[in-house]
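**Student:** Mind looking over this structure? Questions follow.
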2 protein chains.
Amino acid sequence: MDSKQQVVLGIDIGGTNTVFGFVTEEGMIIADSCMLTHGHEPADKFFPRLFTEIDKLRASLDKPLELVGIGVGAPNANYYSGRVEQPPNLKWGQTDVVEILSREYNIPVVITNDANAAAIGEMKFGAAQGMRDFIVITLGTGLGSGIVINGKMVYGHDGFAGELGHTIVIRDGRDCGCGRNGCLETYASATGIKRTVFELLCERQENSILRNVNFHDMTAKMIHEAALNGDVIACEAFEITGEILGMGLADAVAFSSPEAIILFGGLAKAGDMILEPTKRSFEENLLNIFKGKVKLVLSELQGANTAVLGAAALIWSELEEKKVFALTS
Amino acid sequence: MDSKQQVVLGIDIGGTNTVFGFVTEEGMIIADSCMLTHGHEPADKFFPRLFTEIDKLRASLDKPLELVGIGVGAPNANYYSGRVEQPPNLKWGQTDVVEILSREYNIPVVITNDANAAAIGEMKFGAAQGMRDFIVITLGTGLGSGIVINGKMVYGHDGFAGELGHTIVIRDGRDCGCGRNGCLETYASATGIKRTVFELLCERQENSILRNVNFHDMTAKMIHEAALNGDVIACEAFEITGEILGMGLADAVAFSSPEAIILFGGLAKAGDMILEPTKRSFEENLLNIFKGKVKLVLSELQGANTAVLGAAALIWSELEEKKVFALTS
């Protein structure tokens, strides 16, 4: 008798799309799909829709799989409580996602936020394979971070560790959505670089294609394209973003002395344009004992299914640990 | 036949004094002693002197002990390499302390820096008993830190993690001995509060007993005594020191979300005078999700033998872990 292939279900719940897929322990995505999240909808409408879509995907497969666990990445998700707590783009309030999914599928379910899922994804399938101490920085609308120390995800006492986007990089600096000032993410994120462009459009005289775009319409992608075409303002915005990101990351090194910091997410897709100025500033701002020792690299998981891989890696890691524990206890 | 009592030897090597003692697993110091370090002396003169003193102490005991391990706290000590590396107040260069002590006593030896030893001391015998996530801040000449996450000391990739004294709290702020500017320890340490007093003596008009003391002679203890006597400049210096320390600690929370932060060392002996302004600023500067959740407390290990207890706790923890490992493997 053939034994069925073991897979997990990786689910990434975003403000706009929810993507999910069946993933093997080696990180192969057997099948994946997506649906609109409809953030205005309550959770008790969302999950039945999701279950239907998952069933459809499963039914479409040519051979049956053994589903052994579910990993979920979601905004404001807490690993310990299993809940998402007041996610900014979803009208869910507090929702116990682990409970809902466990009841439906009766297998182990784990949840965390997208930056932590990305970190576990890099550890299992990406740039951090074999590393025990590293930090993943997600440069999206905001700046998220997933920290691994001694081979383990850092969740902290309450599950909310890893808020490097809200460390203060410039005292009394830019207003932040968190109500404070000068947080790293107000400079180093898709929103941060846009703000920097507007600062430069005010301060500088050079012509720029970005002078034709209003604040709401401008995106990090536009800035990247303008920079590729040699737009002086756009290039300078990447320089400044990298400079300030490098300062923030240098402070993070003083905390945990990681082997590497991995840049992930939308802004990281600009490649060397963001990596090079960040590296220069990072090295310049590091405490002497750390200079030249910490790798600063781009994610090796860039692609459409990164989020699914991260969520899948989360549950695979959990299942492995349980196996080890079962063997030794 | 009576089995001999098991003890470890805790050794704290400081720039001025070296203290050592025999400590039980419950944290009882059976006997302790000290000697001058003579920092100008090379290591190969220091250790024979130390061995003689240890032998004397052991010979003075009324019943024999079973020595099962040695823990050492020393400046610039690296847990992984077993070496102290260019300690600032000792003419030792690179010295493999673990090798020297292992050769002499033929039992397990572990070394780390004083802040990490303090953290392990708090975990085993002090304010952090039962905690898995906390940070110890040592407020001495500089600011050291020992970070525990998931119940384990954070040494980082290279053994140099926990340099919170060298995170930048005020961009382009005060000159630091590390060659950079605005490091937390230039404000929040015995040296930092002295610098703040001199800033206030310049800015303010109030009379102060501290106007009679030159920079070299002034100590944190003098400032504390002046503050106890209601000296306005001294009181204000504690306020400012606490305010800036609170800012720095709030950023550390965003990293690892600890259950508690424990203040240790000379300046922490000022008690509420430093704790209260630090607490106020800490709460004010915390990201919303952390407010009201993180304890900020004074060390419960204050006393003459703290350093010996910390070094002893380091080796006791290591021996315990080996025992657990031996049982499960």
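How things are named: the first chain in the structure tokens is A, the next is B, and so on; residues count from 1 in each chain; ligands count from 1 in the order shown.
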DSSP on the backbone, strand (DSSP E or B) only: what residues of region 40-161 of chain A does that give? Format it as a count of residues only.
**Tutor:** 35
**Student:** I need the residues of region 178-291 of chain A that end up classed as helix (DSSP H, G or I) by DSSP on the backbone, written out as a PyMOL selection string.
**Tutor:** chain A and resi 184-186+190-203+209-212+220-228+232-256+266-270+272-285+288-290
**Student:** Using only C-alpha atoms, find the residues of chain A whose closest atom to chain B is at most 6 Å away, then write them as an MDAnalysis selection string.
**Tutor:** chainID A and resid 133 156:157 161:164 167 251 254:259 328
**Student:** At what distance in Å, to one decimal, does CA of Ala118 (chain A) lie from CA of Ala234 (chain A)?
**Tutor:**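 Separation between CA of Ala234 (chain A) and CA of Ala118 (chain A): 27.9 Å.
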**Student:** Nearest to Ile13 (chain B) among B:His38, B:Lys295, B:Lys63, B:Lys279, with distances taken over only C-alpha atoms: which residue is it?
**Tutor:**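 The shortest atom-to-atom distance to Ile13 (chain B) comes from B:His38.
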**Student:** Do you have the CA of Asn76 (chain A)-CA of Leu263 (chain A) distance handy?
**Tutor:**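 For CA of Asn76 (chain A) relative to CA of Leu263 (chain A), the distance reads 20.3 Å.
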**Student:** What separation in Å, quoted to one decimal, exists between CA of Ala313 (chain A) and CA of Ile120 (chain A)?
**Tutor:**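 Separating CA of Ala313 (chain A) from CA of Ile120 (chain A) is a distance of 5.9 Å.
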**Student:** What's around Gln5 (chain A) at 12 Å? Count only C-alpha atoms, leave out sequence neighbours fewer than 5 positions away in its own chain, and write the answer as number ranges by chain.
**Tutor:** A: 22-26, 28, 30, 63-68
**Student:** Would you write out those residues with N, CA and C atoms, as a CSV table (one decimal), in the first residue's frame?
**Tutor:**
```
chain,number,residue,atom,x,y,z
A,22,PHE,N,-0.8,23.7,-0.2
A,22,PHE,CA,-0.4,22.5,0.4
A,22,PHE,C,1.1,22.4,0.2
A,23,VAL,N,1.9,22.2,1.3
A,23,VAL,CA,3.4,22.3,1.1
A,23,VAL,C,4.0,21.1,1.8
A,24,THR,N,5.0,20.5,1.1
A,24,THR,CA,5.7,19.3,1.7
A,24,THR,C,6.8,19.8,2.7
A,25,GLU,N,7.3,18.8,3.4
A,25,GLU,CA,8.4,19.2,4.3
A,25,GLU,C,9.6,19.8,3.7
A,26,GLU,N,9.8,19.5,2.4
A,26,GLU,CA,11.0,20.0,1.7
A,26,GLU,C,10.7,21.4,1.1
A,28,MET,N,8.1,22.1,-1.1
A,28,MET,CA,7.5,22.1,-2.4
A,28,MET,C,6.0,22.4,-2.2
A,30,ILE,N,2.6,21.9,-3.5
A,30,ILE,CA,1.9,20.9,-4.3
A,30,ILE,C,0.8,21.6,-5.1
A,63,LYS,N,-3.9,13.1,-6.6
A,63,LYS,CA,-3.8,12.0,-5.7
A,63,LYS,C,-4.0,12.6,-4.2
A,64,PRO,N,-4.5,11.7,-3.4
A,64,PRO,CA,-4.9,12.2,-2.0
A,64,PRO,C,-3.6,12.5,-1.2
A,65,LEU,N,-3.7,13.5,-0.3
A,65,LEU,CA,-2.6,13.9,0.6
A,65,LEU,C,-3.0,13.7,2.0
A,66,GLU,N,-2.0,13.5,2.9
A,66,GLU,CA,-2.3,13.4,4.3
A,66,GLU,C,-2.0,14.8,4.9
A,67,LEU,N,-3.0,15.5,5.3
A,67,LEU,CA,-2.8,16.8,5.9
A,67,LEU,C,-2.5,16.7,7.3
A,68,VAL,N,-1.3,17.1,7.7
A,68,VAL,CA,-0.8,16.9,9.1
A,68,VAL,C,-0.8,18.1,10.0
```
**Student:** Residues within 10 Å of region 187-199 of chain B, please, as a count of residues only. Count only C-alpha atoms; anything in the same chain fewer than 2 positions from it doesn't count.
**Tutor:** 53
**Student:** Applying 8 Å and only C-alpha atoms, which residues near Ala117 (chain B) remain after dropping the ones on its own chain fewer than 2 positions away? List them as a compact mmCIF listing (two decimals) with C-alpha atoms, in the first residue's frame.
**Tutor:**
```txt
# COMPACT_ATOMS: atom_id res chain seq x y z
CA GLY B 73 32.72 36.88 35.37
CA THR B 112 31.08 35.38 30.61
CA ASN B 113 31.01 39.12 31.15
CA ASP B 114 29.78 40.65 34.39
CA ALA B 115 26.38 41.75 33.05
CA ALA B 119 21.50 38.12 34.71
CA ILE B 120 22.08 34.44 35.44
CA GLY B 121 22.48 35.34 39.12
CA GLY B 146 22.39 40.61 30.12
CA ALA B 307 29.43 39.22 41.59
CA GLY B 310 26.46 35.63 39.50
CA ALA B 311 29.61 33.76 38.49
CA ALA B 313 25.02 30.80 39.08
CA LEU B 314 26.61 30.70 35.62
```
**Student:** Counting only C-alpha atoms, what is within 9 Å of Val98 (chain A), bar same-chain residues fewer than 4 positions away, as a PyMOL selection string?
**Tutor:** chain A and resi 72+81-83+102-103+108-111
**Student:** Using only C-alpha atoms, find the one residue out of B:Ile70, B:Leu200, B:Leu50, B:Leu296 that sits nearest to Gly10 (chain B).
**Tutor:**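 Of B:Ile70, B:Leu200, B:Leu50, B:Leu296, the one nearest Gly10 (chain B), counting only C-alpha atoms, is B:Ile70.
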**Student:** Name the closest residue to Thr278 (chain B) among the candidates B:Asn212, B:Leu249, B:Gly292, B:Gln129; distances are taken between atoms, counting only C-alpha atoms.
**Tutor:**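 Looking at the shortest contact to Thr278 (chain B), the residue is B:Leu249.
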